[in-house]
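Trainee: Contents of final02.txt (compact mmCIF, C-alpha atoms) are below:
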# COMPACT_ATOMS: atom_id res chain seq x y z
CA MET M 942 -26.38 -4.50 -13.96
CA LYS M 943 -28.81 -6.38 -16.20
CA LYS M 944 -29.37 -10.00 -15.20
CA GLY M 945 -31.87 -11.10 -17.81
CA VAL M 946 -35.15 -9.90 -16.33
CA MET M 947 -36.84 -8.42 -19.37
CA ARG M 948 -40.15 -6.81 -18.43
CA PRO M 949 -43.35 -6.98 -16.41
CA GLY M 950 -45.29 -9.95 -17.77
CA HIS M 951 -48.44 -10.34 -15.76
CA VAL M 952 -50.38 -9.46 -12.66
CA GLN M 953 -53.05 -11.61 -10.97
CA ILE M 954 -55.73 -9.44 -9.36
CA ARG M 955 -58.37 -10.66 -6.90
CA VAL M 956 -61.89 -9.34 -7.46
CA LEU M 957 -65.13 -9.70 -5.53
CA ASP M 958 -67.30 -10.34 -8.60
CA ILE M 959 -65.71 -11.79 -11.71
CA ASP M 960 -68.40 -10.66 -14.16
CA GLU M 961 -68.34 -7.04 -12.98
CA ALA M 962 -64.54 -7.10 -13.08
CA VAL M 963 -64.33 -8.51 -16.61
CA LYS M 964 -66.75 -5.83 -17.81
CA HIS M 965 -64.58 -3.13 -16.19
CA TYR M 966 -61.28 -4.37 -17.59
CA THR M 967 -62.67 -5.05 -21.09
CA ASP M 968 -65.51 -2.59 -21.80
CA LEU M 969 -64.01 0.34 -19.91
CA MET M 970 -60.26 -0.20 -20.10
CA GLY M 971 -60.17 -1.92 -23.45
CA LEU M 972 -58.32 -5.10 -22.53
CA ILE M 973 -59.15 -8.19 -24.56
CA GLU M 974 -60.33 -11.44 -22.96
CA THR M 975 -58.12 -14.25 -24.25
CA ASP M 976 -59.07 -17.27 -22.13
CA ARG M 977 -60.61 -18.69 -18.94
CA ASP M 978 -59.50 -21.68 -16.88
CA ASP M 979 -61.05 -24.41 -14.72
CA GLU M 980 -60.49 -22.32 -11.59
CA GLY M 981 -62.68 -19.61 -13.09
CA ARG M 982 -59.79 -17.25 -13.69
CA VAL M 983 -60.11 -14.87 -16.64
CA TYR M 984 -57.11 -14.00 -18.82
CA LEU M 985 -56.78 -10.61 -20.49
CA LYS M 986 -54.26 -8.71 -22.58
CA ALA M 987 -53.76 -5.24 -23.98
CA TRP M 988 -53.66 -5.04 -27.74
CA SER M 989 -49.97 -4.20 -28.29
CA GLU M 990 -48.68 -7.05 -26.12
CA VAL M 991 -47.25 -10.03 -27.93
CA ASP M 992 -47.95 -12.76 -25.36
CA LYS M 993 -51.32 -14.34 -24.64
CA PHE M 994 -52.15 -12.52 -21.41
CA SER M 995 -50.90 -9.91 -18.95
CA VAL M 996 -53.80 -9.61 -16.50
CA VAL M 997 -55.43 -12.53 -14.71
CA LEU M 998 -58.58 -11.92 -12.67
CA ARG M 999 -59.49 -14.31 -9.86
CA GLU M 1000 -62.71 -14.13 -7.87
CA ALA M 1001 -62.07 -14.06 -4.11
CA ASP M 1002 -63.65 -12.64 -0.97
CA GLU M 1003 -60.80 -10.16 -0.51
CA PRO M 1004 -59.60 -7.92 -3.36
CA GLY M 1005 -55.90 -7.19 -3.92
CA CYS M 1006 -52.97 -8.58 -5.86
CA ASP M 1007 -51.95 -12.27 -5.71
CA PHE M 1008 -48.64 -11.79 -7.53
CA MET M 1009 -46.85 -9.91 -10.27
CA GLY M 1010 -44.73 -11.82 -12.80
CA PHE M 1011 -41.65 -10.75 -14.75
CA LYS M 1012 -40.58 -12.39 -18.00
CA VAL M 1013 -36.90 -13.31 -18.26
CA VAL M 1014 -35.01 -13.77 -21.51
CA ASP M 1015 -34.71 -17.56 -21.50
CA GLU M 1016 -34.76 -20.80 -19.47
CA ALA M 1017 -31.03 -20.62 -18.67
CA THR M 1018 -31.59 -17.20 -17.14
CA LEU M 1019 -34.53 -18.54 -15.13
CA VAL M 1020 -32.32 -21.33 -13.77
CA GLN M 1021 -29.57 -18.87 -12.88
CA LEU M 1022 -31.87 -16.32 -11.23
CA GLN M 1023 -33.50 -19.06 -9.18
CA LYS M 1024 -30.02 -20.08 -7.94
CA ASP M 1025 -29.18 -16.46 -7.21
CA LEU M 1026 -32.40 -15.95 -5.22
CA VAL M 1027 -31.77 -19.08 -3.16
CA ALA M 1028 -28.13 -18.08 -2.58
CA PHE M 1029 -29.38 -14.70 -1.34
CA GLY M 1030 -31.61 -16.47 1.18
CA VAL M 1031 -34.92 -16.05 -0.62
CA ASP M 1032 -37.34 -19.01 -0.49
CA VAL M 1033 -38.59 -19.97 -3.93
CA GLU M 1034 -41.63 -22.00 -4.89
CA GLN M 1035 -41.97 -23.90 -8.17
CA ILE M 1036 -45.22 -23.34 -10.05
CA PRO M 1037 -45.50 -25.94 -12.81
CA GLU M 1038 -46.02 -25.22 -16.47
CA GLY M 1039 -49.71 -24.88 -17.33
CA ASP M 1040 -50.82 -23.67 -13.88
CA LEU M 1041 -51.52 -20.46 -15.74
CA LYS M 1042 -52.76 -21.54 -19.15
CA ASP M 1043 -50.15 -21.42 -21.91
CA CYS M 1044 -47.49 -20.19 -19.48
CA GLY M 1045 -44.29 -22.05 -18.73
CA ARG M 1046 -42.99 -22.88 -15.29
CA ARG M 1047 -42.79 -20.02 -12.84
CA VAL M 1048 -40.45 -19.39 -9.95
CA ARG M 1049 -42.37 -17.65 -7.19
CA PHE M 1050 -40.86 -15.82 -4.22
CA SER M 1051 -41.88 -13.27 -1.62
CA VAL M 1052 -39.99 -10.11 -0.74
CA PRO M 1053 -39.78 -8.43 2.69
CA SER M 1054 -42.43 -5.84 1.74
CA GLY M 1055 -44.88 -8.74 1.88
CA HIS M 1056 -45.54 -9.14 -1.85
CA ALA M 1057 -45.29 -12.22 -4.09
CA PHE M 1058 -43.44 -12.10 -7.39
CA GLU M 1059 -42.71 -14.61 -10.13
CA LEU M 1060 -40.16 -15.11 -12.87
CA TYR M 1061 -40.92 -17.10 -16.00
CA ALA M 1062 -39.34 -17.53 -19.41
CA ASP M 1063 -42.13 -18.85 -21.63
CA LYS M 1064 -45.66 -17.83 -22.50
CA LEU M 1065 -47.64 -18.47 -25.66
CA TYR M 1066 -46.75 -15.85 -28.26
CA THR M 1067 -49.98 -14.78 -29.89
CA GLY M 1068 -48.69 -11.53 -31.42
CA LYS M 1069 -50.22 -8.09 -31.18
CA TRP M 1070 -54.00 -8.19 -31.21
CA GLY M 1071 -55.73 -7.11 -34.39
CA VAL M 1072 -52.66 -6.15 -36.40
CA THR M 1073 -50.48 -8.28 -38.66
CA GLU M 1074 -46.80 -8.96 -38.08
CA VAL M 1075 -45.91 -7.89 -41.62
CA ASN M 1076 -46.84 -4.38 -42.74
CA PRO M 1077 -48.88 -3.76 -39.58
CA GLU M 1078 -51.44 -0.97 -39.50
CA ALA M 1079 -50.99 1.76 -36.87
CA TRP M 1080 -53.61 0.34 -34.50
CA PRO M 1081 -56.36 -2.24 -34.56
CA ARG M 1082 -60.02 -1.39 -35.06
CA GLY M 1083 -62.59 -2.75 -32.67
CA LEU M 1084 -60.95 -1.77 -29.40
CA GLU M 1085 -63.23 -0.78 -26.55
CA GLY M 1086 -63.16 2.04 -24.02
CA MET M 1087 -59.77 3.45 -23.06
CA LYS M 1088 -57.98 1.17 -25.56
CA ALA M 1089 -55.16 0.45 -23.11
CA VAL M 1090 -51.92 -0.12 -25.02
CA ARG M 1091 -50.04 -2.30 -22.53
CA PHE M 1092 -49.83 -3.39 -18.89
CA ASP M 1093 -47.01 -1.17 -17.68
CA HIS M 1094 -46.19 -1.48 -13.96
CA CYS M 1095 -47.54 -1.95 -10.43
CA LEU M 1096 -47.09 0.10 -7.26
CA PHE M 1097 -47.03 -1.79 -3.98
CA TYR M 1098 -47.18 -0.49 -0.40
CA GLY M 1099 -45.31 -2.26 2.38
CA PRO M 1100 -42.45 -2.17 4.90
CA GLU M 1101 -38.77 -3.15 4.55
CA LEU M 1102 -38.03 -1.14 1.44
CA ALA M 1103 -34.25 -1.47 1.81
CA ALA M 1104 -34.37 -5.28 2.01
CA THR M 1105 -36.78 -5.37 -0.92
CA TYR M 1106 -34.45 -3.10 -2.90
CA ASP M 1107 -31.57 -5.51 -2.30
CA ILE M 1108 -33.44 -8.37 -3.94
CA PHE M 1109 -34.64 -6.39 -6.94
CA VAL M 1110 -31.38 -4.52 -7.55
CA ASN M 1111 -28.63 -6.88 -6.38
CA VAL M 1112 -30.21 -10.20 -7.35
CA LEU M 1113 -32.58 -9.42 -10.20
CA GLY M 1114 -30.65 -6.57 -11.86
CA PHE M 1115 -33.20 -3.76 -11.59
CA HIS M 1116 -31.89 -0.22 -11.22
CA LEU M 1117 -33.20 2.64 -9.14
CA ALA M 1118 -34.69 5.31 -11.40
CA GLU M 1119 -36.40 7.54 -8.84
CA GLN M 1120 -36.68 7.71 -5.08
CA VAL M 1121 -38.20 9.72 -2.23
CA LEU M 1122 -35.92 10.35 0.74
CA ASP M 1123 -37.05 11.52 4.17
CA PRO M 1124 -35.00 14.15 6.08
CA GLU M 1125 -32.89 11.40 7.69
CA GLY M 1126 -32.03 10.03 4.25
CA THR M 1127 -34.22 6.95 4.53
CA ARG M 1128 -35.72 5.86 1.25
CA VAL M 1129 -39.52 5.88 1.63
CA ALA M 1130 -40.34 5.31 -2.05
CA GLN M 1131 -38.39 3.46 -4.74
CA PHE M 1132 -39.09 3.29 -8.46
CA LEU M 1133 -37.22 0.39 -10.04
CA THR M 1134 -36.74 -0.53 -13.68
CA VAL M 1135 -35.21 -3.10 -16.03
CA SER M 1136 -35.99 -0.97 -19.08
CA MET M 1137 -35.90 2.67 -20.19
CA LYS M 1138 -39.18 3.30 -18.34
CA GLU M 1139 -38.98 5.19 -15.06
CA HIS M 1140 -40.58 2.26 -13.33
CA ASP M 1141 -41.38 -1.34 -14.07
CA ILE M 1142 -42.26 -1.67 -10.40
CA ALA M 1143 -42.49 0.76 -7.49
CA PHE M 1144 -42.75 0.51 -3.72
CA ILE M 1145 -43.88 3.07 -1.16
CA HIS M 1146 -43.23 2.60 2.55
CA HIS M 1147 -46.25 1.51 4.57
CA GLU M 1148 -46.31 -0.37 7.86
CA GLU M 1149 -48.83 -2.98 6.81
CA PRO M 1150 -47.16 -5.52 4.49
CA GLY M 1151 -48.43 -6.82 1.17
CA LYS M 1152 -50.74 -4.00 0.14
CA PHE M 1153 -51.63 -3.30 -3.49
CA HIS M 1154 -51.77 0.32 -4.60
CA HIS M 1155 -52.40 0.05 -8.33
CA ALA M 1156 -51.84 -1.70 -11.63
CA SER M 1157 -51.02 0.73 -14.41
CA PHE M 1158 -51.67 0.69 -18.13
CA PHE M 1159 -50.04 2.80 -20.81
CA LEU M 1160 -51.84 5.18 -23.17
CA GLU M 1161 -50.16 7.14 -25.94
CA THR M 1162 -51.26 10.72 -25.45
CA TRP M 1163 -52.63 13.28 -23.01
CA GLU M 1164 -55.74 13.38 -25.21
CA ASP M 1165 -56.15 9.65 -24.52
CA VAL M 1166 -55.90 10.33 -20.77
CA LEU M 1167 -58.62 13.01 -21.04
CA ARG M 1168 -60.75 10.60 -23.04
CA ALA M 1169 -60.23 7.99 -20.30
CA ALA M 1170 -61.47 10.58 -17.78
CA ASP M 1171 -64.57 11.14 -19.93
CA LEU M 1172 -65.24 7.40 -19.99
CA ILE M 1173 -64.84 7.20 -16.20
CA SER M 1174 -67.60 9.82 -15.86
CA MET M 1175 -69.79 8.27 -18.56
CA THR M 1176 -69.71 4.91 -16.77
CA ASP M 1177 -69.96 6.42 -13.26
CA THR M 1178 -66.75 4.62 -12.35
CA SER M 1179 -65.18 5.40 -8.96
CA ILE M 1180 -62.47 8.02 -9.54
CA ASP M 1181 -59.48 8.64 -7.30
CA ILE M 1182 -57.68 11.64 -8.81
CA GLY M 1183 -56.83 13.21 -12.14
CA PRO M 1184 -56.26 13.88 -14.91
CA THR M 1185 -53.03 15.40 -13.59
CA ARG M 1186 -49.26 15.03 -13.76
CA HIS M 1187 -46.89 13.33 -11.37
CA GLY M 1188 -43.67 14.96 -10.19
CA LEU M 1189 -42.17 11.50 -9.81
CA THR M 1190 -41.63 10.20 -13.38
CA HIS M 1191 -43.47 13.28 -14.75
CA GLY M 1192 -46.10 10.95 -16.21
CA LYS M 1193 -49.55 12.31 -17.06
CA THR M 1194 -52.13 10.25 -15.29
CA ILE M 1195 -55.58 9.43 -13.99
CA TYR M 1196 -56.45 7.02 -11.16
CA PHE M 1197 -59.70 5.17 -10.64
CA PHE M 1198 -60.97 1.98 -9.03
CA ASP M 1199 -62.22 -1.32 -10.39
CA PRO M 1200 -65.60 -2.50 -9.05
CA SER M 1201 -63.85 -4.36 -6.18
CA GLY M 1202 -61.85 -1.34 -5.08
CA ASN M 1203 -58.51 -2.21 -6.68
CA ARG M 1204 -56.91 0.99 -7.96
CA ASN M 1205 -56.06 1.30 -11.67
CA GLU M 1206 -53.99 3.91 -13.45
CA VAL M 1207 -53.85 4.87 -17.09
CA PHE M 1208 -51.07 7.27 -18.02
CA CYS M 1209 -48.98 8.64 -20.85
CA GLY M 1210 -45.54 10.14 -21.15
CA GLY M 1211 -43.02 9.94 -18.36
CA ASP M 1212 -39.26 10.34 -18.33
CA TYR M 1213 -36.74 7.79 -19.58
CA THR M 1214 -33.73 6.28 -17.88
CA TYR M 1215 -30.57 4.38 -18.75
CA PRO M 1216 -28.45 2.35 -16.34
CA ASP M 1217 -25.85 5.15 -16.19
CA HIS M 1218 -28.44 7.70 -15.01
CA LYS M 1219 -28.23 8.70 -11.36
CA PRO M 1220 -31.49 8.19 -9.49
CA ILE M 1221 -33.83 11.16 -9.42
CA THR M 1222 -34.60 12.18 -5.86
CA TRP M 1223 -37.69 13.83 -4.42
CA LYS M 1224 -37.75 15.02 -0.82
CA ALA M 1225 -40.42 13.55 1.44
CA GLU M 1226 -41.17 17.11 2.63
CA ASP M 1227 -42.26 17.90 -0.94
CA LEU M 1228 -44.24 14.70 -1.39
CA GLY M 1229 -47.37 16.64 -2.41
CA LYS M 1230 -45.63 18.00 -5.49
CA ALA M 1231 -43.76 14.72 -6.07
CA ILE M 1232 -47.00 12.82 -6.37
CA PHE M 1233 -49.41 15.45 -7.72
CA TYR M 1234 -47.32 18.01 -9.59
CA HIS M 1235 -50.17 20.47 -10.18
CA ASP M 1236 -52.11 20.37 -6.88
CA ARG M 1237 -48.85 20.10 -4.88
CA VAL M 1238 -51.01 18.72 -2.09
CA LEU M 1239 -51.44 15.11 -1.13
CA ASN M 1240 -54.75 13.44 -1.54
CA GLU M 1241 -55.09 11.46 1.69
CA ARG M 1242 -56.79 8.68 -0.21
CA PHE M 1243 -53.73 8.11 -2.42
CA LEU M 1244 -51.61 7.25 0.63
CA THR M 1245 -54.08 5.19 2.59
CA VAL M 1246 -56.68 3.52 0.36
CA LEU M 1247 -55.27 0.14 -0.63
CA THR M 1248 -56.38 -3.42 -1.28
CA MET H 888 -90.31 8.05 -7.93
CA ALA H 889 -87.78 5.98 -6.02
CA GLN H 890 -88.39 5.56 -2.33
CA ILE H 891 -86.33 8.03 -0.29
CA TYR H 892 -84.84 7.15 3.07
CA ARG H 893 -83.21 9.42 5.63
CA ILE H 894 -79.74 8.50 6.83
CA THR H 895 -78.56 10.05 10.09
CA GLU H 896 -74.93 9.87 11.13
CA GLN H 897 -74.95 10.02 14.90
CA TYR H 898 -71.40 11.18 15.64
CA SER H 899 -71.51 14.32 13.46
CA GLY H 900 -75.26 14.77 13.68
CA GLU H 901 -75.43 15.14 9.89
CA SER H 902 -78.29 13.62 7.97
CA PHE H 903 -79.03 13.18 4.29
CA GLU H 904 -81.47 11.52 1.92
CA CYS H 905 -80.71 8.28 0.11
CA GLU H 906 -82.74 6.78 -2.71
CA ALA H 907 -83.68 3.10 -2.62
CA GLY H 908 -81.00 1.21 -4.54
CA GLN H 909 -78.37 3.86 -3.89
CA SER H 910 -75.48 3.23 -1.53
CA VAL H 911 -75.28 5.28 1.66
CA LEU H 912 -71.80 6.52 0.70
CA LYS H 913 -72.88 7.63 -2.76
CA ALA H 914 -75.88 9.50 -1.36
CA MET H 915 -73.62 11.24 1.15
CA GLU H 916 -71.09 12.22 -1.53
CA GLN H 917 -73.83 13.54 -3.85
CA ARG H 918 -75.02 15.86 -1.12
CA GLY H 919 -71.54 17.17 -0.43
CA MET H 920 -71.28 15.74 3.07
CA LYS H 921 -68.18 14.32 4.65
CA CYS H 922 -69.25 12.42 7.74
CA VAL H 923 -67.92 9.13 6.32
CA PRO H 924 -64.47 8.95 4.66
CA VAL H 925 -64.56 8.00 0.98
CA GLY H 926 -62.11 5.37 -0.31
CA CYS H 927 -62.44 3.00 -3.26
CA ARG H 928 -66.27 2.93 -3.28
CA GLY H 929 -66.05 -0.76 -4.19
CA GLY H 930 -66.14 -2.64 -0.89
CA GLY H 931 -62.43 -3.31 -1.11
CA CYS H 932 -60.43 -0.90 1.04
CA GLY H 933 -62.43 -0.68 4.28
CA TYR H 934 -62.09 3.09 4.45
CA CYS H 935 -65.81 3.87 4.82
CA LYS H 936 -66.59 1.49 7.68
CA ILE H 937 -69.65 2.45 9.70
CA GLN H 938 -71.89 0.79 12.25
CA VAL H 939 -75.60 0.70 11.53
CA LEU H 940 -77.32 1.43 14.83
CA ALA H 941 -80.94 1.32 13.67
CA GLY H 942 -82.85 0.42 10.53
CA GLU H 943 -82.93 -2.28 7.88
CA PHE H 944 -80.53 -2.54 4.96
CA GLU H 945 -79.01 -4.83 2.36
CA CYS H 946 -75.29 -5.21 1.62
CA GLY H 947 -73.34 -5.74 -1.57
CA LYS H 948 -70.09 -7.72 -1.69
CA MET H 949 -67.41 -6.49 0.72
CA SER H 950 -63.85 -7.58 1.45
CA LYS H 951 -63.81 -10.26 4.15
CA VAL H 952 -60.68 -8.69 5.58
CA HIS H 953 -62.57 -5.53 6.45
CA VAL H 954 -65.95 -7.10 7.14
CA PRO H 955 -65.44 -10.55 8.68
CA PRO H 956 -68.59 -12.41 9.80
CA GLU H 957 -68.27 -11.12 13.37
CA ALA H 958 -68.26 -7.50 12.13
CA LEU H 959 -71.26 -8.16 9.92
CA GLU H 960 -73.08 -9.53 12.97
CA LYS H 961 -72.45 -6.22 14.78
CA LYS H 962 -73.63 -4.41 11.63
CA GLU H 963 -70.15 -2.96 11.10
CA VAL H 964 -70.22 -2.62 7.36
CA LEU H 965 -68.88 -0.51 4.50
CA ALA H 966 -71.06 2.48 3.62
CA CYS H 967 -70.27 2.07 -0.09
CA ARG H 968 -72.05 -1.30 -0.01
CA VAL H 969 -74.99 -0.45 2.26
CA TYR H 970 -78.37 -0.06 0.54
CA PRO H 971 -81.12 1.16 2.91
CA LEU H 972 -84.52 -0.53 3.14
CA THR H 973 -85.74 1.89 5.85
CA ASP H 974 -84.44 5.11 7.41
CA LEU H 975 -81.05 4.38 9.00
CA THR H 976 -79.08 5.65 11.95
CA ILE H 977 -75.38 5.05 11.38
CA GLU H 978 -72.26 5.93 13.26
CA CYS H 979 -68.81 6.65 11.88
CA ARG H 980 -66.46 7.54 14.70
CA PRO H 981 -63.03 8.76 13.56
CA SER H 982 -61.46 6.05 15.73
CA GLN H 983 -63.32 3.22 14.03
CA SER H 984 -63.03 4.40 10.45
CA GLY H 985 -60.27 3.28 8.14
CA LEU H 986 -58.99 6.83 7.98
CA ALA H 987 -57.80 7.11 11.55
CA SER H 988 -56.43 3.61 11.94
CA LYS H 989 -54.45 3.84 8.73
CA GLN H 990 -53.18 7.36 9.22
CA THR H 991 -50.65 6.08 11.74
CA LYS H 992 -49.30 3.65 9.18
CA THR H 993 -48.01 6.20 6.72
CA THR H 994 -46.18 8.49 9.12
CA ALA H 995 -42.95 7.94 7.22
CA LEU H 996 -44.44 9.99 4.40
CA ARG H 997 -45.74 12.88 6.45
Give the structure from this file in C-alpha cells form.
Mentor:
Amino acid sequence: MKKGVMRPGHVQIRVLDIDEAVKHYTDLMGLIETDRDDEGRVYLKAWSEVDKFSVVLREADEPGCDFMGFKVVDEATLVQLQKDLVAFGVDVEQIPEGDLKDCGRRVRFSVPSGHAFELYADKLYTGKWGVTEVNPEAWPRGLEGMKAVRFDHCLFYGPELAATYDIFVNVLGFHLAEQVLDPEGTRVAQFLTVSMKEHDIAFIHHEEPGKFHHASFFLETWEDVLRAADLISMTDTSIDIGPTRHGLTHGKTIYFFDPSGNRNEVFCGGDYTYPDHKPITWKAEDLGKAIFYHDRVLNERFLTVLT
Amino acid sequence: MAQIYRITEQYSGESFECEAGQSVLKAMEQRGMKCVPVGCRGGGCGYCKIQVLAGEFECGKMSKVHVPPEALEKKEVLACRVYPLTDLTIECRPSQSGLASKQTKTTALR
C-alpha cells in the first residue's frame, strides 16, 4: 500500500580522502559536483536527476554509509509518516532545513538492521543536467567516465530483517519484490520497492549491524556496463566482480570499490514489479545462482567485504 | 628501475617481490599468490589485515575501525595500504584475518 514515499533521494557516504573520492565519483562514474558545504561535504548528482544532489561525500576516518534518504510527495505526507513512525515505536530525529544545503527538513530514524534513514519532502529542483526542459536532447554532452544516469538503490547488510521489513512495508508503504528464503522459511534477503523497480532498497542478513554493501547507479545498456568495465581497468580501479548478471532482479551488473573501499555498482536492465505482483523467491541453497546467474557460485568477497 | 623488496608471509611460507611505492597486497595479487585475503583494496573493509613482524614500511589511510591506534602500535595493518621501505616479514593467520572472523557472521546464507 503506497504511503507517499516516492523514491530514493540521497545517500551520504563516508570516505577516507575527500579529493580521491570526488575524483572517483566524478571522473570515473560521471557524477557532477554541484556544491560543497562548510563541513567539507561534497554534493554530487547524476545527470538525469532533477534535484540538486543525490550523493553526499563526507571525509571521515571510517568509510561506510551515514544514511540514505527517501523523498516523499509533500510536507503533509512527511508529517503523517513521522506520526506513523512514532506510533510504531520508532524514534525519530529532526534534522533542520539547510543542514544539507538546499534540502528541506529531514526526519531521521534508525531501523533494527542498524542503519539510518531519512524522509524529506523538499530539495532544490535544478532540473536534469545539461538538457533543457523543453524539447530536450537525448543526453547531455560533456559527461565523464561511466556517465551514470541516476542513483538507483543501496544494499545494506545487518540483522533483524523481519523487524526492518515491518517498518519499510507496514509503516512506509514499500512492497516486497524479491526475497531469499532459507530452508526453514526465514527471509535472509529482502528487496523492497516503492516504484516499478525491483529494488529501491535491499537488505541481506548479517550478524553485524549497520554495514554498507553498495550504492548502485543505473546505466542504460549492457554496452554501457561493458564500457564501465573497460574504464575500471583503464583507471586500475579495484574491481569486485563482473560484468555479469544477477539471478535476483536479473539486472546486468558490475561491482567495484571507491578509493576508501565502499562498494559501488553500475547496472542496467532488471525486472519490473507492480504492487499486485507476488514476491519472487530464491532459495538460499541456490544463492550462488541468485546472486551471480552465470558463475552460479558465490564470490566470498560479495558476502563478507563491507564498510 | 624501482627498488624491489622481498615480502615473506610467515604462516604460509610464501614470498614475493614488491616494488617501492606498490602496496603489499597489490604485489601479492600481481604474482598470483593468495596468502592474504583480498577485499576492497582501499583500506576500508579490514579483510587483508596482517601483522608486520620485521622491516620498515609506510601506511596509507585505513579505516580506524579496523586499525585503531593500538593495532597500529602492534603493526597490525591492512596489506592494501602497506608500502614497504625494506624487505618485510608479515604474518596473516587465518584466525586474525577478516576472512575467518567474518565467515561466522554470514552463516545464514550458507
Trainee: Grab the atom CA of H:Val969 to atom CA of M:Leu1172 distance for me, in Å with one decimal place.
Mentor: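 Going from atom CA of H:Val969 over to atom CA of M:Leu1172 covers 25.5 Å.
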Trainee: Find the distance between atom CA of M:Gly1039 and atom CA of M:Arg977 and write it in Å to one decimal.
Mentor: 12.6 Å
Trainee: Set the distance at 12 Å and use all atoms listed in the file: which residues neighbour M:Arg1168 once local chain neighbours fewer than 2 positions away are removed? I'd like the list as a ChimeraX atom specification.
Mentor: /M:969-970,1086-1089,1160-1166,1170-1175,1183-1184,1194-1195,1207-1208
Trainee: Compile the contact shell of M:Asp1043 as number ranges by chain: residues with an atom at most 10 Å away, counting only C-alpha atoms, same-chain residues fewer than 6 positions apart removed.
Mentor: M: 976, 992-994, 1063-1066
Trainee: When you look at M:Leu1102 with a cut-off of 9 Å (counting all atoms listed in the file), what residues show up, excluding the ones that are within fewer than 5 positions of it in the same chain? I need them as a list in words.
Mentor: Pro1053, Ser1054, Asp1107, Arg1128, Val1129, Ala1130, Gln1131, Phe1144, Ile1145 and His1146 of chain M
Trainee: How about saving the chosen residues, C-alpha atoms kept, as an mmCIF file, keeping the file's coordinate frame?
Mentor:
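Printed below is result.cif as written:
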data_model
loop_
_atom_site.group_PDB
_atom_site.id
_atom_site.type_symbol
_atom_site.label_atom_id
_atom_site.label_comp_id
_atom_site.auth_asym_id
_atom_site.auth_seq_id
_atom_site.Cartn_x
_atom_site.Cartn_y
_atom_site.Cartn_z
ATOM 1 C CA PRO M 1053 -39.780 -8.430 2.690
ATOM 2 C CA SER M 1054 -42.430 -5.840 1.740
ATOM 3 C CA ASP M 1107 -31.570 -5.510 -2.300
ATOM 4 C CA ARG M 1128 -35.720 5.860 1.250
ATOM 5 C CA VAL M 1129 -39.520 5.880 1.630
ATOM 6 C CA ALA M 1130 -40.340 5.310 -2.050
ATOM 7 C CA GLN M 1131 -38.390 3.460 -4.740
ATOM 8 C CA PHE M 1144 -42.750 0.510 -3.720
ATOM 9 C CA ILE M 1145 -43.880 3.070 -1.160
ATOM 10 C CA HIS M 1146 -43.230 2.600 2.550
#
Trainee: What residues in chain M have any atom no more than 8 Å from chain H when counting only C-alpha atoms, and can you write them as a PyMOL selection string?
Mentor: chain M and resi 957-958+1002-1004+1123+1129+1146-1149+1179+1181+1198-1204+1225-1226+1228+1242+1244-1248
Trainee: Which residue is closest to M:Phe1058? Choose from M:Phe1008, M:Phe1109, M:Phe1092, M:Tyr1196 and count all atoms listed in the file.
Mentor: M:Phe1008
Trainee: Can you tell me, as a list in words, what residues are no more than 10 Å from M:Ala1017 when counting only C-alpha atoms, ignoring any on the same chain fewer than 4 positions away?
Mentor: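 The contact residues come out as Gly945, Val1013, Gln1021, Leu1022, Gln1023 and Ala1062 of chain M.
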Trainee: Can you tell me which residues surround M:Tyr1234 at a distance of at most 12 Å, considering all atoms listed in the file, apart from same-chain residues fewer than 3 positions away, and format the answer as a list in words?
Mentor: Gly1183, Pro1184, Thr1185, Arg1186, His1187, Gly1188, Leu1189, Thr1190, His1191, Gly1192, Lys1193, Thr1194, Trp1223, Asp1227, Leu1228, Gly1229, Lys1230, Ala1231, Arg1237, Val1238, Leu1239 and Asn1240 of chain M
Trainee: In Å, how far is it from atom CA of M:Val1090 to atom CA of M:Gly1045?
Mentor: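 Separation of atom CA of M:Val1090 and atom CA of M:Gly1045: 24.1 Å.
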